[in-house]
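See structure below.
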Number of protein chains: 4
Amino acid sequence: MKAVLFPGDRQVVVVDRPRPEPGPGEVVIKLRASAICRSDMSLYYGTPIVGGEATGTGQVVPGHEPAGEVVAVGSGVTSVAVGDRVAAYLAIGCGHCEWCQRGYNFLCPDWKCLGFDVDGGDADYLRLPAANCLPLPDQISFEVGAVMTDMIGTQYDAQRRLEVSGATNVAIFGLGPMGAAGVQIAKARGARVIALDILDSRLDLAKALGADEIVNSKTDDAVARVRDLTGGRGVEVAIDCSGSPAAQNAALDVATRFGRVAFIGESRATEINPSDQLIRKLLTVIGAWYFPIWEWADITRFVIEHRIPVEKLITHRFPLEQAAEAFRMFDQRQTEKAVFVWN
Amino acid sequence: MKAVLFPGDRQVVVVDRPRPEPGPGEVVIKLRASAICRSDMSLYYGTPIVGGEATGTGQVVPGHEPAGEVVAVGSGVTSVAVGDRVAAYLAIGCGHCEWCQRGYNFLCPDWKCLGFDVDGGDADYLRLPAANCLPLPDQISFEVGAVMTDMIGTQYDAQRRLEVSGATNVAIFGLGPMGAAGVQIAKARGARVIALDILDSRLDLAKALGADEIVNSKTDDAVARVRDLTGGRGVEVAIDCSGSPAAQNAALDVATRFGRVAFIGESRATEINPSDQLIRKLLTVIGAWYFPIWEWADITRFVIEHRIPVEKLITHRFPLEQAAEAFRMFDQRQTEKAVFVWN
Amino acid sequence: MKAVLFPGDRQVVVVDRPRPEPGPGEVVIKLRASAICRSDMSLYYGTPIVGGEATGTGQVVPGHEPAGEVVAVGSGVTSVAVGDRVAAYLAIGCGHCEWCQRGYNFLCPDWKCLGFDVDGGDADYLRLPAANCLPLPDQISFEVGAVMTDMIGTQYDAQRRLEVSGATNVAIFGLGPMGAAGVQIAKARGARVIALDILDSRLDLAKALGADEIVNSKTDDAVARVRDLTGGRGVEVAIDCSGSPAAQNAALDVATRFGRVAFIGESRATEINPSDQLIRKLLTVIGAWYFPIWEWADITRFVIEHRIPVEKLITHRFPLEQAAEAFRMFDQRQTEKAVFVWN
Amino acid sequence: MKAVLFPGDRQVVVVDRPRPEPGPGEVVIKLRASAICRSDMSLYYGTPIVGGEATGTGQVVPGHEPAGEVVAVGSGVTSVAVGDRVAAYLAIGCGHCEWCQRGYNFLCPDWKCLGFDVDGGDADYLRLPAANCLPLPDQISFEVGAVMTDMIGTQYDAQRRLEVSGATNVAIFGLGPMGAAGVQIAKARGARVIALDILDSRLDLAKALGADEIVNSKTDDAVARVRDLTGGRGVEVAIDCSGSPAAQNAALDVATRFGRVAFIGESRATEINPSDQLIRKLLTVIGAWYFPIWEWADITRFVIEHRIPVEKLITHRFPLEQAAEAFRMFDQRQTEKAVFVWN
């Protein structure tokens, strides 16, 4: 089968590999879609941000947002059958620690990340524990299923924790695929959404996805504008999807008293003002990341019921053979969400 | 009557002022205790951190943690009577905005802070809205009542929001009066407490107040030590009372997955690592400050029922005449909690 | 002025009374709308369910959902001015107990209920504490403001506590004005709504107000139907507005595991099955009633922002002179929400 | 091996059965303790309240609170090893539905209950899925481990949901083993505990376990007494462990405004007063039952850290051969917690 590898910094090759066989409790999936994510760039540069013991050698197949059809099941597998349409839950846990028991495999001290620690979905076939199969109802296409496993899932879980509803004003900072997914989820939960970015193209997409207000935070004063749009009060919920310290600070600043703020975008050094941003306003800030596996049932019901057009997040589709081109364009931000697809 | 004023940077005078009369809805209190707080130092330096339009002139009497006896009531006052023992709720709100209606006067956009914006308790008499009187049961002395209005109240509210109980490991950073009060509250709520500071004298006090473990974070690696004391797991709750960016970061680091962290100590510039500290651990951080006025009933019941020895936080007592000495010693950290007392 | 009184069981008179004058801290309101509520029937029958020391004499003017214009203010009133458009918060508390301090006057041990314990709004003029004035923005008519003070407020608060959002299926039992208001709030919060009643006319209204599904629980098996409409799963939230034990039990039965159920409709004797309804499903049941006064700001923002057509709940309008006819028709269920109006 | 069976109403036999062998993913445990539970009585009478397809034949071995040592492991088992000390989690779920993924196997639509649907622990050996093994630290004896799997676990989870802490007054109704365990947990969480029963012997035990107040609800007016003991206010939390409708109603009555009440004791018909008990007080009532499997780690840490003397709940120990006597005495309430033990 064909599989992508990153032999060195910004190098992409498509190699031939033996098709995997399922071990006990495992399945093999014929890929139909595999989405590229911003975190893939860390692998592409040779500096993986998750797991990664093996990745230095460039021998691990990337791709942690895959979907396809089960074509083989190993011994003892009863929850999935050949022919099932599935997406993959990226976190492979030990299965018996308290975090795995809660369904938060990605908090397991010994977890392995698909596409970082073990071979992922940028290949014709994928070997996966049956327990990591996320059922795809017929109403959800493979490419939408792939995209749902990361951004939609992360936003769904974050906004559940933030208690976003029709009674909430939500400000979303950073309108790449993660932020755009946030707009979709917030609108479907009933909220009024103020979407902020520095690129007009992204603001236009957010508007098309239902954002009530858009603010270009490059040409406009983001904090003043959000205050203005909320009668001076600020928002009950702010979500940073950019990882930019400036946006993270703006998210803290636009939140009203008792407000809730989520940090989703990655950043390793952000200066904040605890007194003015947190203490004076009795603010709550949460870190949000991925979703517990049991939430998939809720997420699929939600997407179907609200007919959320997740496919609108996808701007580019590539065959696996054009992997080099796909990663180059994604890296240079010439695409928003990009997906490898198979017929 | 005698009253304290700060005419200039680190200058303290005790002046004669006319004894105040109560207006409609107001009372006058004969002071019996008035505690000095770290935030008083901002006034002492001439750089008030709260309210403060009038304070530039040095004409406002400081003291926002007072307690005493009602000696006069204005027209329309029915909730308090002459002879009542009371402490003062420091936040004077507009009374009709949504935050005042919730009992969070200190979130009112137009609030005035006792001892910053209006004359406070470092004087023989205090004029106060009747609505700001906090009843003092007989079991609570005036000096304990004074101390309860700030540190005990703030800790009580923070730990309620943090859901501290006997099932919680709590790490408390910074063991000045605020942190020491936190140890008392956490123990009375049933928690296991790890107390951290850089001064052995404060660690000794924390131990005497019931801390299960003490860690000198100057001579020891605070994060490693807390992990060690919790079987490698970290704590469910961490509370920073120091305002030191290093301690705030340690608080974030020692919290386990889904942990809750409160920032109480004041800081206006702290660099954090959102990815590792918040996002990867699904952490929650809250800003905590003071308490809603309705919580006073809970707080007094709690202190009485658990027989919390709040007086142990007080290391120095002064007559008002020695105000200059008192503020100098407090500023130079030669005291922990210091209180002006009247016989 | 004209005022309604209930001299005996099902007797209604419109009498002449002196126009009230405002005392200190009070206002007088020229009524423009005053809504009839199911709980008025308890007065109408001479068996008041709230307060009621004075009501036995039939000398208290009913009407606890009034709105109008301030025409006089007493001494010390600063939060409201002559000419202000206001509705009335029905619970007059002591003002200084912990429940009043929280803004839950109706939990005050000494509260008085407008229209039960003190003269209410079924009169040309109403005397009211200034603290009980709920500001009416220009976008909200007097009759909508009157209706908002009870059913919309109660539903808003209940659904906030139930965390209703776009991720929630909500079943609402009983589609009188309270249930119909529940449909409006749930839809504006983003939920999918299943509305149940035994009257087709009420089901039609619910449908017109946005209910996704309607079920006639007289001709259909309510529990089976709701299960069916949720893929066998049941609803996350059920709200009983009927007070009928059968409907309350159905609400408990249709809730899924971890479901949340609110009882709003009044009932004093309902047999439930704790083992099967609560324990096996880890269910949560809450009692819901009215709203804290601080929530009015949220409620009005919510109604305006979502353009909720509250007026659709009103089926009949009467001049005060026709009070006898109005109460008779309401009692005989010939109206849904009925409102006295003044030009 | 020896195993208990219930061939008919109140009939107990100890039979010879082949020692089980572990299948794939299973273990076999040499029993060291197996506790008798009130729900066993439903089997003893031939009217099982859980699962029970097979139980009509009397061919299923009872015992759903067992602990022992692993003596054999089947293929694919990596989380447990021969020699491990374990207790058993009674709910065997499908393993892949959303409720199993959350760790709430007992909410799985297809779950099997140990000792009801599949052979339980009243035998020399027990076959169990490895996933259902609960690790027993050395500090916890087998008999304590057995008891912890049900009453301690249920109380721990209920009181976590009820947010019991040192700031809570808790009233516990019914002081059999479940209620007595509730006293232990509530005290260790820091609460003030009022314990109620109709038997002085149980009240004495509760007192010995740390209850602050005891009330004989046969000779005393329970509701009045609890109000009295809380300054007229009532308790923040009430827990019914009796299943008696009278006690359930008293639990609702003694709860204060915003109070939380848990129903743990089984009852299939209880008349309540929604208006006065739930609605007027904005009460919350939850059904509580067992615990999610991930909580075992917290529960064991909690028991060890607080040195909870769980063994004090056990009044009688029997060898398996005396099963008939044991069940008879338990049924006739001549024992509190009774445990089969093996040397």
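Chain identifiers are assigned as A, B, and so on, following the order in which chains appear in the structure tokens; residues are numbered from 1 within each chain, and ligands are numbered from 1 in order of appearance.
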
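Backbone DSSP over range 23-78 of chain B yields helix (DSSP H, G or I) at Asp40, Met41, Ser42, Leu43, Tyr44, Thr55, Gly56 and Thr57 of chain B.
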
Deliver the residues from the most recent selection as a file, using all heavy atoms, as a compact mmCIF listing (two decimals), in the first residue's frame.
# COMPACT_ATOMS: atom_id res chain seq x y z
N ASP B 40 -3.54 47.69 51.90
CA ASP B 40 -3.34 49.02 52.51
C ASP B 40 -1.99 49.62 52.11
O ASP B 40 -1.82 50.84 52.10
CB ASP B 40 -3.39 48.93 54.04
CG ASP B 40 -4.80 48.75 54.58
OD1 ASP B 40 -5.74 49.29 53.96
OD2 ASP B 40 -4.95 48.08 55.60
N MET B 41 -1.04 48.74 51.82
CA MET B 41 0.30 49.24 51.47
C MET B 41 0.25 50.08 50.21
O MET B 41 1.03 51.01 50.04
CB MET B 41 1.28 48.08 51.30
CG MET B 41 1.58 47.33 52.59
SD MET B 41 2.29 48.39 53.90
CE MET B 41 0.83 48.71 54.91
N SER B 42 -0.69 49.78 49.30
CA SER B 42 -0.78 50.58 48.08
C SER B 42 -1.17 52.02 48.42
O SER B 42 -0.71 52.97 47.79
CB SER B 42 -1.77 49.96 47.10
OG SER B 42 -3.10 50.08 47.57
N LEU B 43 -2.00 52.17 49.43
CA LEU B 43 -2.35 53.51 49.90
C LEU B 43 -1.18 54.17 50.61
O LEU B 43 -0.91 55.37 50.43
CB LEU B 43 -3.51 53.43 50.91
CG LEU B 43 -4.92 53.30 50.39
CD1 LEU B 43 -5.86 53.06 51.56
CD2 LEU B 43 -5.33 54.54 49.61
N TYR B 44 -0.52 53.35 51.40
CA TYR B 44 0.62 53.83 52.20
C TYR B 44 1.71 54.39 51.30
O TYR B 44 2.39 55.35 51.64
CB TYR B 44 1.10 52.62 53.00
CG TYR B 44 2.25 52.78 53.95
CD1 TYR B 44 2.19 53.62 55.06
CD2 TYR B 44 3.40 52.01 53.78
CE1 TYR B 44 3.26 53.69 55.95
CE2 TYR B 44 4.47 52.08 54.66
CZ TYR B 44 4.40 52.92 55.75
OH TYR B 44 5.44 52.98 56.64
N THR B 55 -8.09 59.49 46.99
CA THR B 55 -6.99 59.14 47.88
C THR B 55 -5.71 59.89 47.57
O THR B 55 -4.85 60.00 48.44
CB THR B 55 -6.72 57.64 47.79
OG1 THR B 55 -6.63 57.30 46.42
CG2 THR B 55 -7.84 56.85 48.44
N GLY B 56 -5.63 60.43 46.35
CA GLY B 56 -4.42 61.19 46.01
C GLY B 56 -4.21 62.31 46.99
O GLY B 56 -3.08 62.68 47.31
N THR B 57 -5.29 62.80 47.51
CA THR B 57 -5.18 63.92 48.44
C THR B 57 -4.78 63.47 49.83
O THR B 57 -4.52 64.30 50.70
CB THR B 57 -6.53 64.65 48.56
OG1 THR B 57 -7.43 63.78 49.26
CG2 THR B 57 -7.10 64.98 47.20

Subject >> At most 12 Å to chain C: residues in chain A, only C-alpha atoms, as a ChimeraX atom specification >> reply: /A:156-157,159-169,184-192,212,230-231,233,236,295,297-306,308

Test item: residues at most 12 Å from Gln334 in chain D, only C-alpha atoms, excluding those fewer than 4 positions along its chain, as a short mmCIF file (atom, residue, chain, number, x, y, z; two decimals) with N, CA, C and O atoms, in the first residue's frame:
data_model
loop_
_atom_site.label_atom_id
_atom_site.label_comp_id
_atom_site.auth_asym_id
_atom_site.auth_seq_id
_atom_site.Cartn_x
_atom_site.Cartn_y
_atom_site.Cartn_z
N GLY D 176 -28.67 1.27 58.57
CA GLY D 176 -28.13 -0.03 58.24
C GLY D 176 -26.74 0.17 57.65
O GLY D 176 -26.19 1.28 57.68
N SER D 201 -29.69 0.61 68.58
CA SER D 201 -28.42 -0.07 68.32
C SER D 201 -27.72 0.56 67.11
O SER D 201 -26.51 0.76 67.09
N THR D 315 -20.75 -6.93 61.28
CA THR D 315 -21.08 -7.48 62.60
C THR D 315 -20.96 -9.00 62.63
O THR D 315 -20.84 -9.59 63.71
N HIS D 316 -21.02 -9.65 61.48
CA HIS D 316 -21.01 -11.11 61.45
C HIS D 316 -20.16 -11.62 60.30
O HIS D 316 -20.18 -11.05 59.21
N GLU D 325 -27.66 -20.40 57.44
CA GLU D 325 -27.76 -19.65 58.68
C GLU D 325 -27.50 -18.15 58.44
O GLU D 325 -28.22 -17.29 58.96
N ALA D 326 -26.51 -17.86 57.63
CA ALA D 326 -26.14 -16.47 57.38
C ALA D 326 -27.29 -15.71 56.73
O ALA D 326 -27.65 -14.60 57.17
N PHE D 327 -27.86 -16.30 55.69
CA PHE D 327 -28.94 -15.60 55.00
C PHE D 327 -30.18 -15.47 55.88
O PHE D 327 -30.90 -14.48 55.84
N ARG D 328 -30.43 -16.52 56.67
CA ARG D 328 -31.58 -16.45 57.56
C ARG D 328 -31.43 -15.31 58.57
O ARG D 328 -32.34 -14.50 58.78
N MET D 329 -30.26 -15.26 59.19
CA MET D 329 -30.05 -14.21 60.18
C MET D 329 -30.08 -12.81 59.55
O MET D 329 -30.64 -11.87 60.11
N PHE D 330 -29.47 -12.69 58.37
CA PHE D 330 -29.46 -11.39 57.69
C PHE D 330 -30.88 -10.97 57.36
O PHE D 330 -31.29 -9.81 57.58
N ALA D 338 -22.96 -8.62 56.96
CA ALA D 338 -22.45 -9.97 57.17
C ALA D 338 -21.60 -10.37 55.97
O ALA D 338 -21.92 -10.01 54.84
#

**OP:** Compile the contact shell of Pro7 in chain B as a list in words: residues with an atom at most 8 Å away, counting only C-alpha atoms, same-chain residues fewer than 3 positions apart removed.
**Re:** Gln11, Val12, Val13, Thr57, Gly58 and Gln59 of chain B

I need the residues in range 245-290 of chain D that are strand (DSSP E or B) according to DSSP; give them as an mmCIF file with N, CA, C and O atoms, in the first residue's frame.
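This went into out13.cif:
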data_model
loop_
_atom_site.group_PDB
_atom_site.id
_atom_site.type_symbol
_atom_site.label_atom_id
_atom_site.label_comp_id
_atom_site.auth_asym_id
_atom_site.auth_seq_id
_atom_site.Cartn_x
_atom_site.Cartn_y
_atom_site.Cartn_z
ATOM 1 N N ALA D 255 -34.542 19.371 54.358
ATOM 2 C CA ALA D 255 -33.597 20.102 53.514
ATOM 3 C C ALA D 255 -33.969 21.568 53.452
ATOM 4 O O ALA D 255 -35.138 21.925 53.341
ATOM 5 N N THR D 256 -32.975 22.421 53.518
ATOM 6 C CA THR D 256 -33.199 23.859 53.475
ATOM 7 C C THR D 256 -33.347 24.321 52.022
ATOM 8 O O THR D 256 -33.236 23.537 51.090
ATOM 9 N N ARG D 257 -33.595 25.600 51.853
ATOM 10 C CA ARG D 257 -33.681 26.181 50.515
ATOM 11 C C ARG D 257 -32.427 25.815 49.710
ATOM 12 O O ARG D 257 -31.316 25.874 50.226
ATOM 13 N N PHE D 258 -32.615 25.482 48.433
ATOM 14 C CA PHE D 258 -31.499 25.066 47.566
ATOM 15 C C PHE D 258 -30.853 23.755 48.040
ATOM 16 O O PHE D 258 -29.751 23.420 47.592
ATOM 17 N N GLY D 259 -31.486 23.063 48.979
ATOM 18 C CA GLY D 259 -30.889 21.838 49.502
ATOM 19 C C GLY D 259 -30.779 20.755 48.442
ATOM 20 O O GLY D 259 -31.431 20.809 47.404
ATOM 21 N N ARG D 260 -29.909 19.781 48.739
ATOM 22 C CA ARG D 260 -29.743 18.629 47.836
ATOM 23 C C ARG D 260 -30.094 17.364 48.617
ATOM 24 O O ARG D 260 -29.614 17.169 49.735
ATOM 25 N N VAL D 261 -30.910 16.522 48.015
ATOM 26 C CA VAL D 261 -31.351 15.292 48.660
ATOM 27 C C VAL D 261 -31.028 14.124 47.748
ATOM 28 O O VAL D 261 -31.239 14.201 46.537
ATOM 29 N N ALA D 262 -30.484 13.061 48.338
ATOM 30 C CA ALA D 262 -30.236 11.844 47.551
ATOM 31 C C ALA D 262 -31.122 10.721 48.050
ATOM 32 O O ALA D 262 -31.254 10.507 49.256
ATOM 33 N N PHE D 263 -31.715 9.994 47.093
ATOM 34 C CA PHE D 263 -32.437 8.764 47.396
ATOM 35 C C PHE D 263 -31.538 7.595 47.015
ATOM 36 O O PHE D 263 -31.171 7.437 45.846
ATOM 37 N N THR D 270 -43.671 6.012 46.427
ATOM 38 C CA THR D 270 -43.541 7.008 47.483
ATOM 39 C C THR D 270 -44.336 8.236 47.089
ATOM 40 O O THR D 270 -44.131 8.769 46.001
ATOM 41 N N GLU D 271 -45.220 8.652 47.963
ATOM 42 C CA GLU D 271 -45.961 9.875 47.674
ATOM 43 C C GLU D 271 -45.199 11.063 48.209
ATOM 44 O O GLU D 271 -44.820 11.077 49.388
ATOM 45 N N ILE D 272 -44.960 12.034 47.352
ATOM 46 C CA ILE D 272 -44.265 13.243 47.794
ATOM 47 C C ILE D 272 -45.174 14.447 47.557
ATOM 48 O O ILE D 272 -46.222 14.344 46.926
ATOM 49 N N THR D 284 -33.118 20.199 45.009
ATOM 50 C CA THR D 284 -32.616 19.242 44.024
ATOM 51 C C THR D 284 -32.637 17.848 44.648
ATOM 52 O O THR D 284 -32.150 17.659 45.759
ATOM 53 N N VAL D 285 -33.212 16.897 43.943
ATOM 54 C CA VAL D 285 -33.231 15.503 44.399
ATOM 55 C C VAL D 285 -32.505 14.660 43.361
ATOM 56 O O VAL D 285 -32.764 14.785 42.165
ATOM 57 N N ILE D 286 -31.605 13.814 43.826
ATOM 58 C CA ILE D 286 -30.929 12.914 42.881
ATOM 59 C C ILE D 286 -31.141 11.460 43.295
ATOM 60 O O ILE D 286 -31.304 11.154 44.470
ATOM 61 N N GLY D 287 -31.176 10.601 42.305
ATOM 62 C CA GLY D 287 -31.106 9.173 42.560
ATOM 63 C C GLY D 287 -29.646 8.758 42.532
ATOM 64 O O GLY D 287 -28.885 9.186 41.662
#

**OP:** Kindly give the distance, in Å, that separates CA of Ala181 in chain D and CA of Met151 in chain D, rounded to a single decimal.
**Re:**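 Computed distance, CA of Ala181 in chain D to CA of Met151 in chain D, equals 6.2 Å.
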